[in-house]
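**Student:** Structure below; questions to follow.
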Amino acid sequence: MSEPLLQVRDLVKTFGGRPVLAGVSFDVAPGEVLGLVGESGSGKSTTARCVTRLTRPDSGQILLGGRDVLAAGRRELRALRADMQMVFQDPYASLNPRMTVAELIGEPLLVHGLEPDRRRRRERAAELLETVGMTAEHLDRHPRSFSGGQRQRISIARALAVEPRLLICDEPVSSLDVSVQAQVLNLLRDLRERLGLSILFIAHDLAVVYYLCDRVAVMLGGELAEIGTREQIYGDPAHPYTRSLLDAVPVPDPALARQRPSST
Amino acid sequence: MSTDPLLRVRDLRVSYPTPAGPAQVVHGVDLDLAPGERVALVGESGSGKSVTARAVLRLDPDARLSGRIELEGVDLLKLPPRRMREIRGGRVGLVFQDPLASLNPVMTIGRQVMQPLLIRGVPRKVARRRAVDLLERLGVRDAEHRADDYPHQFSGGMRQRVVIAIAVIAEPALLIADEPTTALDVRVQARVLELLRELADERGMSILLITHDLGIVAGFAQRAVVMRHGRPVETGTVEQIYTAPRDPYTKALLAAVPRIGGDVTRPLAVIGAAGEEKEGS
């Protein structure tokens, strides 16, 4: 394996004396999609927030392309954030309703000083919209005139504006309908292939993670229960907790659903 | 089916008044539920599945309903409001997605579970006994003491068990469950669905499950109605719908769901404007 793009070592975080992360370590290779799964309270979102420094861990180390994320000063952090962008669950809450699509996508280019020229920002926004399967016609509209799936595409276009190497997606499809979810998953899969993006993909839906992720880390009570390739985790899980999660996943097949062990 | 249906819905239409005139959102739903049968109404957002379920109990005062909704032979659309209130929580129990929103935060769990019985004149001591027994049955440990706790002292999964207890304590013939496990973790979801199925079997209770999750339907329901844009597009046994879907939208929906063990080298199917399956890109 090549040098990891992201290295996370021994993350520890407590909230009000309660341990939320109790030593989390993993790597994400360039071009790799790592799934982070677990139930609510397992620490998967806190891990994502630590990596992007939206939350500070009590201890641990995070390296992005060899650069120390936790030790970074303001200017360095800005540069690091251009290299890792986040996509959130709720495309209704994460887009400023007063901004047009052109402004929303252009904003990161302005903030990071990558494109001071307004017209060129607009051109770049149009290109990015096409990357996510929308068109320049959408540039002057506001978020309210788009469906949930389109808004999530706009969020992704905005995240891609600064050409990050790592995309961190926190439950990006869990509020979407099945048909829209398929479009966004296809888009993420396609972006990874076309742009060689690495993705840290946080989700609770194990079938979605199966579809998208090369490797999977299973979190339980602030620790990694196990981490392995898709084939290992789904085909031959080492941890009983992983087995119990897989057994509980509803299967869209009546014959298979009847055969499964009871979850008691 | 040889027995008379418990619930028979014919040509149900639902519209809401708007400044521009009535807007119809459900355009003619037929539905039969036999005693003890589990039927799923499945669809994406805007399909009209929840509106249909709520219409059965006339829960939206603003909704204008037409058609027939017969419960045990009685047309619910013709009942006076007082009789309708007796049916809700009596012959028909209700469970919604968000257990926190359905529970009163300042009333003890036990009191809330007893309520449907107290309203119906069951003596307090008997009601308390039955509430505690039912909570035990639903897997609430040490129910005798936990009955004196408040909702915030219960986890999400335990709260949903309480909501189910409230819905079934008066022994309804029909339980309407609208996305009852959507807010729950996958293992808790599996346990709650299993409890619902066991309760239905023990009591001969019918369940109308409203869900967007095709996985849940396959394991839980015997029959399903797939809805889109306020219309049922396909009705059948789950075996028929999952193995030989006839409607293009049903086919497309099933192809759009990622599956563990499925092909990860190809894009997922997407659904075209007319509801047909399209090669994803």
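Starting from 1 in every chain, residues are counted up; chains themselves are A, B, ... following the order of the structure tokens, and ligands are numbered from 1 as listed.
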I'd like a table as a Markdown table: residues in chain B with an atom no more than 6 Å from chain A, each row giving the shortest atom pair and its distance in Å to one decimal, only C-alpha atoms counted, sorted by chain and rising residue number.
**Tutor:**
| residue | atom | partner | partner_atom | distance |
| --- | --- | --- | --- | --- |
| B:Glu44 | CA | A:Asp177 | CA | 5.8 |
| B:Asp185 | CA | A:Glu39 | CA | 5.8 |
| B:Val186 | CA | A:Ala248 | CA | 5.9 |
| B:Arg187 | CA | A:Ala248 | CA | 5.2 |
| B:Ala190 | CA | A:Ala248 | CA | 5.6 |
| B:Leu214 | CA | A:Pro252 | CA | 5.6 |
| B:Gly215 | CA | A:Pro252 | CA | 3.9 |
| B:Ile216 | CA | A:Pro250 | CA | 5.4 |
| B:Ala218 | CA | A:Pro254 | CA | 4.5 |
| B:Gly219 | CA | A:Ala257 | CA | 4.9 |
| B:Ala256 | CA | A:Ala182 | CA | 5.7 |
| B:Pro258 | CA | A:Ala207 | CA | 5.6 |
| B:Arg259 | CA | A:Ala207 | CA | 5.1 |
| B:Ile260 | CA | A:Ala207 | CA | 5.0 |
| B:Val264 | CA | A:Tyr211 | CA | 5.3 |
| B:Pro267 | CA | A:Asn186 | CA | 5.6 |
| B:Leu268 | CA | A:Ala182 | CA | 5.7 |
| B:Val270 | CA | A:Ser179 | CA | 5.9 |
**Student:** What is the distance between CA of Gly156 in chain B and CA of Pro99 in chain B, in Å to one decimal?
**Tutor:**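 Straight-line distance from CA of Gly156 in chain B to CA of Pro99 in chain B works out to 7.2 Å.
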**Student:** Using only C-alpha atoms, determine which residues lie at most 9 Å from Ile105 in chain A, disregarding the query and same-chain residues fewer than 5 positions distant; provide the list as a ChimeraX atom specification.
**Tutor:** /A:100,121-122,124-126,128-129,154-155,157-161
**Student:** Going by DSSP on the backbone, which bits of range 98-221 of chain A are helix (DSSP H, G or I)? Write them as a ChimeraX atom specification, please.
**Tutor:** /A:101-111,118-131,136-138,143-145,148-160,178-195,206-212
**Student:** Using the selection just defined, write its residues with C-alpha atoms as a PDB file, in the first residue's frame.
**Tutor:**
ATOM      1  CA  VAL A 101     -25.993  28.101  -6.106  1.00  0.00           C
ATOM      2  CA  ALA A 102     -23.205  30.074  -7.809  1.00  0.00           C
ATOM      3  CA  GLU A 103     -22.407  31.807  -4.498  1.00  0.00           C
ATOM      4  CA  LEU A 104     -22.624  28.589  -2.497  1.00  0.00           C
ATOM      5  CA  ILE A 105     -20.196  26.752  -4.729  1.00  0.00           C
ATOM      6  CA  GLY A 106     -17.972  29.787  -5.268  1.00  0.00           C
ATOM      7  CA  GLU A 107     -17.658  30.653  -1.575  1.00  0.00           C
ATOM      8  CA  PRO A 108     -14.941  28.096  -0.711  1.00  0.00           C
ATOM      9  CA  LEU A 109     -12.902  29.372  -3.685  1.00  0.00           C
ATOM     10  CA  LEU A 110     -13.153  32.876  -2.285  1.00  0.00           C
ATOM     11  CA  VAL A 111     -12.485  31.892   1.328  1.00  0.00           C
ATOM     12  CA  ARG A 118     -16.067  36.747  -9.622  1.00  0.00           C
ATOM     13  CA  ARG A 119     -16.675  35.763 -13.212  1.00  0.00           C
ATOM     14  CA  ARG A 120     -14.125  32.968 -13.094  1.00  0.00           C
ATOM     15  CA  ARG A 121     -15.656  31.696  -9.845  1.00  0.00           C
ATOM     16  CA  ARG A 122     -18.954  31.512 -11.634  1.00  0.00           C
ATOM     17  CA  GLU A 123     -17.408  29.550 -14.497  1.00  0.00           C
ATOM     18  CA  ARG A 124     -15.803  27.168 -12.051  1.00  0.00           C
ATOM     19  CA  ALA A 125     -19.144  26.749 -10.247  1.00  0.00           C
ATOM     20  CA  ALA A 126     -20.765  25.832 -13.564  1.00  0.00           C
ATOM     21  CA  GLU A 127     -18.093  23.200 -14.210  1.00  0.00           C
ATOM     22  CA  LEU A 128     -18.534  21.754 -10.743  1.00  0.00           C
ATOM     23  CA  LEU A 129     -22.293  21.579 -11.202  1.00  0.00           C
ATOM     24  CA  GLU A 130     -21.712  19.515 -14.318  1.00  0.00           C
ATOM     25  CA  THR A 131     -19.339  17.258 -12.402  1.00  0.00           C
ATOM     26  CA  ALA A 136     -25.263  25.914 -15.394  1.00  0.00           C
ATOM     27  CA  GLU A 137     -28.970  26.754 -15.601  1.00  0.00           C
ATOM     28  CA  HIS A 138     -29.131  26.085 -11.877  1.00  0.00           C
ATOM     29  CA  PRO A 143     -31.483  26.009  -2.333  1.00  0.00           C
ATOM     30  CA  ARG A 144     -35.231  26.050  -1.707  1.00  0.00           C
ATOM     31  CA  SER A 145     -35.959  25.353  -5.366  1.00  0.00           C
ATOM     32  CA  GLY A 148     -33.089  16.821  -1.292  1.00  0.00           C
ATOM     33  CA  GLY A 149     -30.995  14.872  -3.775  1.00  0.00           C
ATOM     34  CA  GLN A 150     -30.140  17.983  -5.790  1.00  0.00           C
ATOM     35  CA  ARG A 151     -29.208  19.829  -2.614  1.00  0.00           C
ATOM     36  CA  GLN A 152     -26.884  17.017  -1.653  1.00  0.00           C
ATOM     37  CA  ARG A 153     -25.293  17.286  -5.116  1.00  0.00           C
ATOM     38  CA  ILE A 154     -24.823  21.018  -4.546  1.00  0.00           C
ATOM     39  CA  SER A 155     -23.196  20.252  -1.164  1.00  0.00           C
ATOM     40  CA  ILE A 156     -20.848  17.839  -2.892  1.00  0.00           C
ATOM     41  CA  ALA A 157     -20.029  20.342  -5.672  1.00  0.00           C
ATOM     42  CA  ARG A 158     -19.259  22.906  -2.975  1.00  0.00           C
ATOM     43  CA  ALA A 159     -17.002  20.445  -1.184  1.00  0.00           C
ATOM     44  CA  LEU A 160     -15.194  19.628  -4.438  1.00  0.00           C
ATOM     45  CA  VAL A 178     -34.066   5.206  -2.089  1.00  0.00           C
ATOM     46  CA  SER A 179     -34.141   6.490  -5.671  1.00  0.00           C
ATOM     47  CA  VAL A 180     -32.248   9.668  -4.743  1.00  0.00           C
ATOM     48  CA  GLN A 181     -29.835   7.740  -2.542  1.00  0.00           C
ATOM     49  CA  ALA A 182     -28.900   5.624  -5.576  1.00  0.00           C
ATOM     50  CA  GLN A 183     -28.050   8.768  -7.560  1.00  0.00           C
ATOM     51  CA  VAL A 184     -25.835  10.201  -4.820  1.00  0.00           C
ATOM     52  CA  LEU A 185     -24.070   6.862  -4.246  1.00  0.00           C
ATOM     53  CA  ASN A 186     -23.430   6.541  -7.978  1.00  0.00           C
ATOM     54  CA  LEU A 187     -22.044  10.083  -7.973  1.00  0.00           C
ATOM     55  CA  LEU A 188     -19.651   9.433  -5.068  1.00  0.00           C
ATOM     56  CA  ARG A 189     -18.486   6.213  -6.670  1.00  0.00           C
ATOM     57  CA  ASP A 190     -17.930   7.995  -9.968  1.00  0.00           C
ATOM     58  CA  LEU A 191     -16.048  10.929  -8.357  1.00  0.00           C
ATOM     59  CA  ARG A 192     -13.732   8.540  -6.625  1.00  0.00           C
ATOM     60  CA  GLU A 193     -12.940   6.861  -9.945  1.00  0.00           C
ATOM     61  CA  ARG A 194     -12.623  10.036 -11.998  1.00  0.00           C
ATOM     62  CA  LEU A 195     -10.834  12.245  -9.468  1.00  0.00           C
ATOM     63  CA  LEU A 206     -24.464  -1.522   6.195  1.00  0.00           C
ATOM     64  CA  ALA A 207     -25.794  -2.227   2.693  1.00  0.00           C
ATOM     65  CA  VAL A 208     -24.871   1.293   1.554  1.00  0.00           C
ATOM     66  CA  VAL A 209     -21.393   0.873   3.040  1.00  0.00           C
ATOM     67  CA  TYR A 210     -21.040  -2.497   1.318  1.00  0.00           C
ATOM     68  CA  TYR A 211     -21.781  -0.883  -2.012  1.00  0.00           C
ATOM     69  CA  LEU A 212     -19.355   2.025  -1.704  1.00  0.00           C
TER      70      LEU A 212
END
